[in-house]
Structures are given as structure tokens and as C-alpha cells.
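Have a look at data36.pdb; it's PDB, C-alpha atoms, pLDDT in the B column:
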```
ATOM      1  CA  MET Z 813     -67.374 -34.801  17.213  1.00 82.00           C
ATOM      2  CA  LYS Z 814     -69.383 -37.847  16.215  1.00 92.00           C
ATOM      3  CA  ASN Z 815     -67.574 -41.170  16.390  1.00 96.00           C
ATOM      4  CA  TYR Z 816     -67.472 -43.560  13.426  1.00 97.00           C
ATOM      5  CA  VAL Z 817     -66.360 -47.151  12.898  1.00 98.00           C
ATOM      6  CA  SER Z 818     -64.615 -48.199   9.689  1.00 98.00           C
ATOM      7  CA  ALA Z 819     -64.319 -51.974   9.224  1.00 97.00           C
ATOM      8  CA  SER Z 820     -61.056 -53.131   7.661  1.00 94.00           C
ATOM      9  CA  VAL Z 821     -61.668 -55.340   4.632  1.00 92.00           C
ATOM     10  CA  LEU Z 822     -58.323 -57.045   5.359  1.00 90.00           C
ATOM     11  CA  SER Z 823     -60.118 -59.086   8.017  1.00 92.00           C
ATOM     12  CA  ALA Z 824     -63.177 -59.974   5.925  1.00 92.00           C
ATOM     13  CA  ASP Z 825     -63.880 -63.361   4.374  1.00 92.00           C
ATOM     14  CA  MET Z 826     -63.034 -62.479   0.777  1.00 90.00           C
ATOM     15  CA  LEU Z 827     -64.824 -65.539  -0.615  1.00 91.00           C
ATOM     16  CA  ASN Z 828     -68.029 -64.208   0.933  1.00 94.00           C
ATOM     17  CA  LEU Z 829     -67.425 -60.478   0.695  1.00 93.00           C
ATOM     18  CA  GLY Z 830     -70.991 -59.662  -0.315  1.00 94.00           C
ATOM     19  CA  SER Z 831     -72.440 -61.280   2.785  1.00 95.00           C
ATOM     20  CA  GLU Z 832     -69.704 -59.709   4.911  1.00 95.00           C
ATOM     21  CA  ILE Z 833     -70.731 -56.261   3.680  1.00 95.00           C
ATOM     22  CA  ARG Z 834     -74.407 -57.011   4.430  1.00 96.00           C
ATOM     23  CA  LYS Z 835     -73.330 -57.929   7.941  1.00 96.00           C
ATOM     24  CA  LEU Z 836     -71.523 -54.603   8.327  1.00 96.00           C
ATOM     25  CA  GLU Z 837     -74.552 -52.691   7.084  1.00 95.00           C
ATOM     26  CA  ASN Z 838     -76.828 -54.494   9.548  1.00 96.00           C
ATOM     27  CA  ASN Z 839     -74.627 -54.026  12.599  1.00 96.00           C
ATOM     28  CA  GLY Z 840     -73.976 -50.318  12.874  1.00 92.00           C
ATOM     29  CA  ILE Z 841     -70.732 -50.083  10.893  1.00 96.00           C
ATOM     30  CA  ASP Z 842     -70.325 -46.675   9.264  1.00 97.00           C
ATOM     31  CA  MET Z 843     -67.591 -47.313   6.686  1.00 97.00           C
ATOM     32  CA  LEU Z 844     -65.624 -50.013   4.909  1.00 97.00           C
ATOM     33  CA  HIS Z 845     -61.884 -49.380   5.166  1.00 97.00           C
ATOM     34  CA  PHE Z 846     -60.322 -50.536   1.906  1.00 95.00           C
ATOM     35  CA  ASP Z 847     -56.545 -50.981   2.107  1.00 94.00           C
ATOM     36  CA  VAL Z 848     -54.634 -50.733  -1.173  1.00 95.00           C
ATOM     37  CA  MET Z 849     -50.990 -51.885  -1.072  1.00 92.00           C
ATOM     38  CA  ASP Z 850     -48.646 -51.966  -4.047  1.00 88.00           C
ATOM     39  CA  GLY Z 851     -45.763 -54.106  -2.745  1.00 85.00           C
ATOM     40  CA  ILE Z 852     -43.439 -51.088  -3.029  1.00 85.00           C
ATOM     41  CA  PHE Z 853     -44.523 -48.532  -0.460  1.00 88.00           C
ATOM     42  CA  VAL Z 854     -45.233 -51.412   1.906  1.00 84.00           C
ATOM     43  CA  ASN Z 855     -44.071 -55.000   1.727  1.00 77.00           C
ATOM     44  CA  ASN Z 856     -47.459 -56.456   0.848  1.00 81.00           C
ATOM     45  CA  ILE Z 857     -49.970 -56.499  -2.024  1.00 83.00           C
ATOM     46  CA  THR Z 858     -53.714 -56.338  -1.447  1.00 86.00           C
ATOM     47  CA  PHE Z 859     -56.796 -55.150  -3.304  1.00 84.00           C
ATOM     48  CA  GLY Z 860     -57.186 -53.038  -6.412  1.00 89.00           C
ATOM     49  CA  LEU Z 861     -59.698 -51.241  -8.564  1.00 93.00           C
ATOM     50  CA  PRO Z 862     -61.781 -54.220  -9.800  1.00 93.00           C
ATOM     51  CA  ILE Z 863     -62.679 -55.307  -6.258  1.00 93.00           C
ATOM     52  CA  LEU Z 864     -63.493 -51.739  -5.217  1.00 95.00           C
ATOM     53  CA  GLU Z 865     -65.771 -51.377  -8.252  1.00 96.00           C
ATOM     54  CA  GLN Z 866     -67.653 -54.545  -7.325  1.00 94.00           C
ATOM     55  CA  VAL Z 867     -68.031 -53.435  -3.719  1.00 94.00           C
ATOM     56  CA  ARG Z 868     -69.419 -50.094  -4.886  1.00 96.00           C
ATOM     57  CA  LYS Z 869     -71.953 -51.796  -7.115  1.00 94.00           C
ATOM     58  CA  SER Z 870     -73.187 -53.948  -4.256  1.00 92.00           C
ATOM     59  CA  SER Z 871     -73.396 -51.395  -1.432  1.00 96.00           C
ATOM     60  CA  ASP Z 872     -73.930 -47.751  -0.534  1.00 96.00           C
ATOM     61  CA  ILE Z 873     -71.681 -48.021   2.531  1.00 97.00           C
ATOM     62  CA  THR Z 874     -69.072 -45.266   2.777  1.00 98.00           C
ATOM     63  CA  LEU Z 875     -65.869 -46.520   1.152  1.00 98.00           C
ATOM     64  CA  ASP Z 876     -62.848 -45.315   3.111  1.00 98.00           C
ATOM     65  CA  VAL Z 877     -59.964 -46.017   0.713  1.00 98.00           C
ATOM     66  CA  HIS Z 878     -56.446 -46.028   2.172  1.00 97.00           C
ATOM     67  CA  LEU Z 879     -53.710 -45.898  -0.474  1.00 97.00           C
ATOM     68  CA  MET Z 880     -50.469 -47.405   0.774  1.00 95.00           C
ATOM     69  CA  ILE Z 881     -48.814 -46.939  -2.600  1.00 96.00           C
ATOM     70  CA  ASN Z 882     -45.711 -45.149  -3.809  1.00 94.00           C
ATOM     71  CA  GLU Z 883     -47.278 -42.716  -6.284  1.00 96.00           C
ATOM     72  CA  PRO Z 884     -50.898 -42.153  -5.239  1.00 97.00           C
ATOM     73  CA  ALA Z 885     -51.369 -39.050  -7.407  1.00 97.00           C
ATOM     74  CA  LYS Z 886     -51.341 -41.233 -10.538  1.00 96.00           C
ATOM     75  CA  TYR Z 887     -54.372 -43.200  -9.380  1.00 96.00           C
ATOM     76  CA  ILE Z 888     -56.653 -40.694  -7.661  1.00 98.00           C
ATOM     77  CA  LYS Z 889     -59.172 -40.334 -10.492  1.00 97.00           C
ATOM     78  CA  ARG Z 890     -59.310 -44.068 -11.080  1.00 97.00           C
ATOM     79  CA  PHE Z 891     -60.097 -44.804  -7.449  1.00 97.00           C
ATOM     80  CA  ALA Z 892     -62.619 -41.983  -7.392  1.00 98.00           C
ATOM     81  CA  ASP Z 893     -64.305 -43.370 -10.504  1.00 97.00           C
ATOM     82  CA  ALA Z 894     -64.305 -46.846  -8.926  1.00 97.00           C
ATOM     83  CA  GLY Z 895     -66.439 -45.564  -6.067  1.00 97.00           C
ATOM     84  CA  ALA Z 896     -64.259 -44.220  -3.258  1.00 98.00           C
ATOM     85  CA  ASP Z 897     -65.959 -41.750  -0.924  1.00 98.00           C
ATOM     86  CA  ILE Z 898     -62.796 -40.895   1.013  1.00 98.00           C
ATOM     87  CA  ILE Z 899     -59.209 -41.306  -0.184  1.00 98.00           C
ATOM     88  CA  SER Z 900     -56.276 -41.184   2.185  1.00 98.00           C
ATOM     89  CA  PHE Z 901     -52.677 -41.402   1.012  1.00 98.00           C
ATOM     90  CA  HIS Z 902     -49.378 -41.288   2.853  1.00 97.00           C
ATOM     91  CA  ILE Z 903     -47.459 -38.088   3.365  1.00 97.00           C
ATOM     92  CA  GLU Z 904     -44.342 -40.285   3.120  1.00 97.00           C
ATOM     93  CA  SER Z 905     -45.191 -41.306  -0.473  1.00 96.00           C
ATOM     94  CA  ASP Z 906     -43.470 -39.869  -3.551  1.00 95.00           C
ATOM     95  CA  SER Z 907     -46.463 -37.759  -4.642  1.00 95.00           C
ATOM     96  CA  LYS Z 908     -46.555 -34.081  -3.687  1.00 96.00           C
ATOM     97  CA  ALA Z 909     -49.097 -33.837  -0.884  1.00 97.00           C
ATOM     98  CA  ILE Z 910     -50.909 -30.617  -1.786  1.00 96.00           C
ATOM     99  CA  ASP Z 911     -51.275 -31.600  -5.454  1.00 96.00           C
ATOM    100  CA  THR Z 912     -52.638 -35.006  -4.476  1.00 97.00           C
ATOM    101  CA  LEU Z 913     -55.107 -33.463  -2.028  1.00 97.00           C
ATOM    102  CA  ASN Z 914     -56.306 -31.042  -4.709  1.00 96.00           C
ATOM    103  CA  ALA Z 915     -56.756 -33.927  -7.159  1.00 97.00           C
ATOM    104  CA  ILE Z 916     -58.923 -35.769  -4.629  1.00 98.00           C
ATOM    105  CA  ARG Z 917     -61.038 -32.692  -3.966  1.00 97.00           C
ATOM    106  CA  GLU Z 918     -61.445 -32.054  -7.699  1.00 97.00           C
ATOM    107  CA  CYS Z 919     -62.961 -35.543  -8.019  1.00 97.00           C
ATOM    108  CA  GLY Z 920     -65.667 -34.503  -5.579  1.00 97.00           C
ATOM    109  CA  ILE Z 921     -64.626 -36.808  -2.759  1.00 96.00           C
ATOM    110  CA  ARG Z 922     -63.146 -36.288   0.679  1.00 98.00           C
ATOM    111  CA  PRO Z 923     -59.350 -35.946   0.977  1.00 98.00           C
ATOM    112  CA  ALA Z 924     -57.342 -37.411   3.829  1.00 98.00           C
ATOM    113  CA  ILE Z 925     -53.686 -37.888   4.598  1.00 98.00           C
ATOM    114  CA  ALA Z 926     -52.064 -40.746   6.494  1.00 98.00           C
ATOM    115  CA  ILE Z 927     -48.901 -40.807   8.574  1.00 98.00           C
ATOM    116  CA  LYS Z 928     -46.774 -43.704   9.766  1.00 96.00           C
ATOM    117  CA  PRO Z 929     -45.982 -44.216  13.473  1.00 96.00           C
ATOM    118  CA  ALA Z 930     -42.517 -42.645  13.127  1.00 95.00           C
ATOM    119  CA  THR Z 931     -43.726 -39.529  11.299  1.00 97.00           C
ATOM    120  CA  PRO Z 932     -44.180 -36.543  13.646  1.00 97.00           C
ATOM    121  CA  ALA Z 933     -47.567 -34.925  14.077  1.00 98.00           C
ATOM    122  CA  GLU Z 934     -46.154 -31.603  12.903  1.00 98.00           C
ATOM    123  CA  ALA Z 935     -45.704 -33.019   9.394  1.00 98.00           C
ATOM    124  CA  VAL Z 936     -49.430 -32.565   8.705  1.00 98.00           C
ATOM    125  CA  PHE Z 937     -49.990 -29.187  10.363  1.00 98.00           C
ATOM    126  CA  GLU Z 938     -49.723 -27.025   7.241  1.00 97.00           C
ATOM    127  CA  LEU Z 939     -52.036 -29.381   5.345  1.00 98.00           C
ATOM    128  CA  LEU Z 940     -54.864 -29.403   7.895  1.00 98.00           C
ATOM    129  CA  PRO Z 941     -56.932 -26.657   6.182  1.00 97.00           C
ATOM    130  CA  TYR Z 942     -57.055 -28.829   3.032  1.00 97.00           C
ATOM    131  CA  LEU Z 943     -58.138 -32.049   4.754  1.00 98.00           C
ATOM    132  CA  ASP Z 944     -61.317 -33.764   5.787  1.00 98.00           C
ATOM    133  CA  MET Z 945     -59.394 -36.315   7.822  1.00 98.00           C
ATOM    134  CA  VAL Z 946     -55.977 -37.281   9.176  1.00 98.00           C
ATOM    135  CA  LEU Z 947     -55.253 -41.005   9.450  1.00 98.00           C
ATOM    136  CA  VAL Z 948     -52.786 -41.796  12.233  1.00 98.00           C
ATOM    137  CA  MET Z 949     -51.364 -45.288  11.813  1.00 96.00           C
ATOM    138  CA  THR Z 950     -51.174 -46.946  15.210  1.00 96.00           C
ATOM    139  CA  VAL Z 951     -49.205 -49.876  13.740  1.00 94.00           C
ATOM    140  CA  GLU Z 952     -46.690 -50.036  10.919  1.00 89.00           C
ATOM    141  CA  PRO Z 953     -48.623 -50.064   7.625  1.00 84.00           C
ATOM    142  CA  GLY Z 954     -48.598 -53.215   5.557  1.00 76.00           C
ATOM    143  CA  PHE Z 955     -50.174 -56.039   7.542  1.00 72.00           C
ATOM    144  CA  GLY Z 956     -53.247 -56.559   9.684  1.00 69.00           C
ATOM    145  CA  GLY Z 957     -53.265 -58.106  13.139  1.00 71.00           C
ATOM    146  CA  GLN Z 958     -50.357 -56.114  14.597  1.00 79.00           C
ATOM    147  CA  PRO Z 959     -50.385 -54.893  18.217  1.00 88.00           C
ATOM    148  CA  PHE Z 960     -51.256 -51.284  18.979  1.00 94.00           C
ATOM    149  CA  ILE Z 961     -48.285 -48.920  19.413  1.00 96.00           C
ATOM    150  CA  PRO Z 962     -48.943 -46.887  22.614  1.00 96.00           C
ATOM    151  CA  GLU Z 963     -46.488 -44.136  21.616  1.00 96.00           C
ATOM    152  CA  THR Z 964     -48.876 -43.018  18.854  1.00 97.00           C
ATOM    153  CA  VAL Z 965     -51.402 -41.717  21.392  1.00 98.00           C
ATOM    154  CA  ASP Z 966     -49.467 -38.488  21.967  1.00 98.00           C
ATOM    155  CA  LYS Z 967     -49.487 -37.893  18.219  1.00 98.00           C
ATOM    156  CA  ILE Z 968     -53.268 -38.238  18.099  1.00 98.00           C
ATOM    157  CA  ARG Z 969     -53.588 -35.782  20.962  1.00 98.00           C
ATOM    158  CA  THR Z 970     -51.233 -33.280  19.322  1.00 98.00           C
ATOM    159  CA  ILE Z 971     -53.042 -33.382  15.986  1.00 98.00           C
ATOM    160  CA  ARG Z 972     -56.472 -33.004  17.595  1.00 98.00           C
ATOM    161  CA  SER Z 973     -55.210 -30.056  19.647  1.00 98.00           C
ATOM    162  CA  LYS Z 974     -53.892 -28.325  16.522  1.00 98.00           C
ATOM    163  CA  ILE Z 975     -57.175 -28.912  14.682  1.00 98.00           C
ATOM    164  CA  THR Z 976     -59.051 -27.355  17.597  1.00 98.00           C
ATOM    165  CA  ASP Z 977     -56.654 -24.387  17.767  1.00 98.00           C
ATOM    166  CA  LEU Z 978     -57.224 -23.714  14.059  1.00 98.00           C
ATOM    167  CA  GLY Z 979     -60.997 -23.985  14.414  1.00 98.00           C
ATOM    168  CA  LEU Z 980     -61.228 -26.707  11.771  1.00 98.00           C
ATOM    169  CA  ASN Z 981     -63.699 -29.546  11.321  1.00 97.00           C
ATOM    170  CA  VAL Z 982     -61.272 -32.392  10.571  1.00 98.00           C
ATOM    171  CA  ASN Z 983     -61.747 -36.010  11.582  1.00 98.00           C
ATOM    172  CA  VAL Z 984     -58.897 -37.959  13.153  1.00 98.00           C
ATOM    173  CA  GLU Z 985     -58.829 -41.612  12.123  1.00 98.00           C
ATOM    174  CA  VAL Z 986     -56.760 -44.370  13.722  1.00 98.00           C
ATOM    175  CA  ASP Z 987     -55.845 -47.715  12.195  1.00 96.00           C
ATOM    176  CA  GLY Z 988     -54.070 -50.634  13.839  1.00 93.00           C
ATOM    177  CA  GLY Z 989     -54.731 -52.756  16.906  1.00 94.00           C
ATOM    178  CA  ILE Z 990     -58.053 -51.070  17.673  1.00 96.00           C
ATOM    179  CA  ASN Z 991     -60.284 -53.058  20.017  1.00 95.00           C
ATOM    180  CA  GLY Z 992     -62.531 -52.500  23.016  1.00 93.00           C
ATOM    181  CA  GLU Z 993     -59.626 -51.367  25.199  1.00 94.00           C
ATOM    182  CA  THR Z 994     -57.504 -49.303  22.823  1.00 96.00           C
ATOM    183  CA  SER Z 995     -60.566 -47.587  21.366  1.00 97.00           C
ATOM    184  CA  ALA Z 996     -61.217 -45.820  24.665  1.00 96.00           C
ATOM    185  CA  VAL Z 997     -57.600 -44.624  24.770  1.00 97.00           C
ATOM    186  CA  VAL Z 998     -57.580 -43.176  21.257  1.00 98.00           C
ATOM    187  CA  ARG Z 999     -61.003 -41.570  21.619  1.00 97.00           C
ATOM    188  CA  LYS Z1000     -59.872 -39.826  24.786  1.00 96.00           C
ATOM    189  CA  ALA Z1001     -56.834 -38.538  22.853  1.00 98.00           C
ATOM    190  CA  GLY Z1002     -59.063 -37.090  20.124  1.00 98.00           C
ATOM    191  CA  ALA Z1003     -59.634 -39.768  17.490  1.00 98.00           C
ATOM    192  CA  ASN Z1004     -63.198 -40.087  16.218  1.00 97.00           C
ATOM    193  CA  VAL Z1005     -62.910 -42.507  13.265  1.00 98.00           C
ATOM    194  CA  LEU Z1006     -61.795 -45.953  14.381  1.00 98.00           C
ATOM    195  CA  VAL Z1007     -60.631 -48.597  11.924  1.00 97.00           C
ATOM    196  CA  SER Z1008     -60.951 -52.128  13.225  1.00 96.00           C
ATOM    197  CA  GLY Z1009     -60.586 -55.527  11.604  1.00 93.00           C
ATOM    198  CA  SER Z1010     -60.417 -58.769  13.566  1.00 92.00           C
ATOM    199  CA  PHE Z1011     -62.122 -57.241  16.630  1.00 95.00           C
ATOM    200  CA  LEU Z1012     -65.227 -56.661  14.515  1.00 96.00           C
ATOM    201  CA  PHE Z1013     -65.187 -59.622  12.155  1.00 95.00           C
ATOM    202  CA  ASN Z1014     -64.393 -62.161  14.881  1.00 94.00           C
ATOM    203  CA  ALA Z1015     -66.950 -60.811  17.346  1.00 95.00           C
ATOM    204  CA  GLU Z1016     -69.894 -63.018  18.254  1.00 95.00           C
ATOM    205  CA  ASP Z1017     -72.005 -59.844  18.330  1.00 96.00           C
ATOM    206  CA  MET Z1018     -70.698 -57.361  15.749  1.00 96.00           C
ATOM    207  CA  ALA Z1019     -73.209 -54.673  16.733  1.00 95.00           C
ATOM    208  CA  ALA Z1020     -72.039 -54.813  20.353  1.00 95.00           C
ATOM    209  CA  ALA Z1021     -68.410 -54.682  19.223  1.00 96.00           C
ATOM    210  CA  ALA Z1022     -69.126 -51.629  17.053  1.00 95.00           C
ATOM    211  CA  TYR Z1023     -70.871 -49.903  19.960  1.00 94.00           C
ATOM    212  CA  ALA Z1024     -67.885 -50.616  22.200  1.00 94.00           C
ATOM    213  CA  LEU Z1025     -65.591 -48.946  19.670  1.00 95.00           C
ATOM    214  CA  LYS Z1026     -67.572 -45.721  19.334  1.00 86.00           C
ATOM    215  CA  ASP Z1027     -69.220 -45.424  22.748  1.00 82.00           C
ATOM    216  CA  GLU Z1028     -69.584 -41.644  22.891  1.00 55.00           C
ATOM    217  CA  ARG Z1029     -69.948 -41.672  26.686  1.00 51.00           C
ATOM    218  CA  ILE Z1030     -66.191 -42.401  26.908  1.00 44.00           C
ATOM    219  CA  CYS Z1031     -65.026 -39.685  24.536  1.00 40.00           C
TER     220      CYS Z1031
END
```

Show the structure stored in the file as C-alpha cells.
Amino acid sequence: MKNYVSASVLSADMLNLGSEIRKLENNGIDMLHFDVMDGIFVNNITFGLPILEQVRKSSDITLDVHLMINEPAKYIKRFADAGADIISFHIESDSKAIDTLNAIRECGIRPAIAIKPATPAEAVFELLPYLDMVLVMTVEPGFGGQPFIPETVDKIRTIRSKITDLGLNVNVEVDGGINGETSAVVRKAGANVLVSGSFLFNAEDMAAAAYALKDERIC
């Protein structure tokens, strides 16, 4: 499968977000990963609908919206209307997974489901036919800048194997501690959408950093 890079807005300069997005567009970044945290599901609060709406108005970049909120089903249409292209929500949230996935699909956008490091791969198996993507958290959700958890690699491999066995076309996304070294590990395990924050935004050459993340010769 084709590899994609999704830049985490958590690491962007929020006072200059417009210019940061232009930089992403000009350096081979495929998506903007937009983390939404409610202070309940995770112990942090981040961005909401008004910022997403402004980003959508200023760019055609694919908006990869990750809902780390307790009741995502209540907000699906609002995030879709604000400009999301992909919405992922956590299987560990209080919303019923299949109903939330159907709500996303009904809005005409791509549905995805996310799982925390401690959640087993098998938790998403029955949902795979309804998904465009599975997001495997490779750190605990809630804060950027955490180190990669090596134990999540087996989960990536297991999910990719199940997708292949079922003959499905489902992306596997990873988020947390992704850099030039860990990207090769997760790609080899079967991930093809790589979320990265500080590795991209702090790079002297963002285009080279993006290429290092999705170098298809290593997958």
C-alpha cells in the first residue's frame, strides 16, 4: 500500500498556523493530523471546531481528525461540517462503535477507529469491514513528545495480517514517537499512515524528513 505522512498539529507553531500549513503543503506532507481532546477521555484539552473550520478555509490538505473525546458520536456531524476528511475515534470511548462509524460514513467522510496501547488488536477485528483506517496509538493518548512504545509493533503486525486475510483495503495509521528510526519499524510491521510531530516541524529540511518517514523502499 502507498505510504502517507500526517503532520501532527500539536507540534505546529499555533501563532503562525497558516504559514505552518503552507510549509506542510510545500514539503510533501499528505495530511494534517488534528488532535481533539476534551479533558475527560484524556487528561488534556486541545483544539476544537473553530480552529478546524479556519484550517479548512485556508487549505485543501487532507484533514485527519483524531477525536480523543468521551462521546464522539455527539460531534461527528459537526466535525464533518467543519471540514474533516477522516474522523477517527477511540474504541474505548463511551459511544457505540458501529453507530459512530455509520454516522461518519453517512456524512460522506472516511471512518477510522483508534486504539490505545493497552487495547488488544482483536478488539477491532469485527469492525474492519466498516473502516477505512485503524489508528494504533504507539504512545498513551493525551500529550505529544512521548517516547515510542515498542510493544505496540506486534499489534500493528497483527492488525495488518487480519486485514490481509480478510482481503480488505484498510490503512493502518500509527501515532506517537514516530521518527526516522521508528518509522522503518512500523512500516515493516504493516503501518502505512505515519503521524509525526516534532520530527517534522523541528527538521531543518521538512521534505527530507517526510521522505524518511514514508520511504517505500523500506516497506

Neighbouring residues of Z:Glu985 were defined as those with any atom within 10 Å, considering all atoms listed in the file; residues of the same chain fewer than 6 positions away were excluded. Please report them as a PyMOL selection string.
chain Z and resi 815-818+924-926+945-950+968+998-999+1002-1007

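The spacing separating atom CA of Z:Lys889 from atom CA of Z:Val854 amounts to 21.7 Å.
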
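With atom CA of Z:Pro953 on one side and atom CA of Z:Asp893 on the other, the separation reads 24.9 Å.
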
Closest to Z:Ala1022 among Z:Ile990, Z:Arg922, Z:Asp897, Z:Lys908, using only C-alpha atoms?
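Selected residue with least distance to Z:Ala1022: Z:Ile990.
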
Residues at most 8 Å from stretch 969-971 of chain Z, counting only C-alpha atoms, excluding those fewer than 6 positions away in the same chain, as number ranges by chain?
Z: 933-934, 937, 984, 1001-1002

Tell me, as a list in words, which residues lie within 9 Å of Z:Ala930, counting all atoms listed in the file; anything in the same chain fewer than 2 positions away does not count.
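So the residues in contact are Ile927, Lys928, Pro932, Glu952 and Thr964 of chain Z.
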
Find the spatial neighbours of stretch 913-918 of chain Z, counting all atoms listed in the file, within a cut-off of 12 Å - ignore same-chain residues fewer than 6 positions away - and output them as a count of residues only.
31

Separation of atom CA of Z:Leu1025 from atom CA of Z:Ser995, in Å and rounded to one decimal:
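Atom-to-atom, atom CA of Z:Leu1025 to atom CA of Z:Ser995, that is 5.5 Å.
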
Write out as a PyMOL selection string the residues lying within 12 Å of Z:Lys869, counting all atoms listed in the file and excluding same-chain residues fewer than 6 positions away.
chain Z and resi 830+833+862-863+875+893-896

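Residue nearest Z:Asp850, chosen from Z:Asp1027, Z:Asp1017, Z:Glu963, Z:Glu883 and counting only C-alpha atoms: Z:Glu883.
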
Let me have the centre and edge lengths of the axis-aligned box enclosing all listed atoms of stretch 1000-1005 of chain Z with 4 Å padding on every side, in Å to one decimal, as AutoDock Vina command-line options.
```
--center_x -60.0 --center_y -39.8 --center_z 19.0 --size_x 14.4 --size_y 13.4 --size_z 19.5
```

Between Z:Met826, Z:Val986, Z:Leu844, Z:Leu980, which residue has the minimum interatomic distance to Z:Arg868, considering only C-alpha atoms?
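Residue with the minimum atom-to-atom distance to Z:Arg868: Z:Leu844.
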
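With all atoms listed in the file as the basis for measurement, Z:Val982 is the residue among Z:Gly988, Z:Val982, Z:Glu904, Z:Ile921 that approaches Z:Lys814 most closely.
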
Residue among Z:Ala935, Z:Ala996, Z:Cys919, Z:Val821 lying closest to Z:Leu836, counting all atoms listed in the file
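Of Z:Ala935, Z:Ala996, Z:Cys919, Z:Val821, the one nearest Z:Leu836 is Z:Val821, counting all atoms listed in the file.
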
Selected residue of minimal separation from Z:Glu837 among Z:Leu822, Z:Ser870, Z:Phe853, Z:Thr931, counting all atoms listed in the file:
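Of Z:Leu822, Z:Ser870, Z:Phe853, Z:Thr931, the one nearest Z:Glu837, counting all atoms listed in the file, is Z:Ser870.
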
Give as a list in words each residue that has an atom at most 7 Å from (-65.6, -48.9, 5.8) in the file, counting all atoms listed in the file.
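Using all atoms listed in the file, the matching residues come out as Ser818, Ala819, Ser820, Asp842, Met843, Leu844, His845, Phe846, Ile873, Thr874, Leu875 and Asp876 of chain Z.
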
Residues in the PyMOL selection byres ((chain Z and resi 1009) around 6), expressed as a list in words:
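With the shown file as input, the PyMOL selection byres ((chain Z and resi 1009) around 6) matches Ala819, Ser820, Ser823, Ser1008, Ser1010, Phe1011 and Leu1012 of chain Z.
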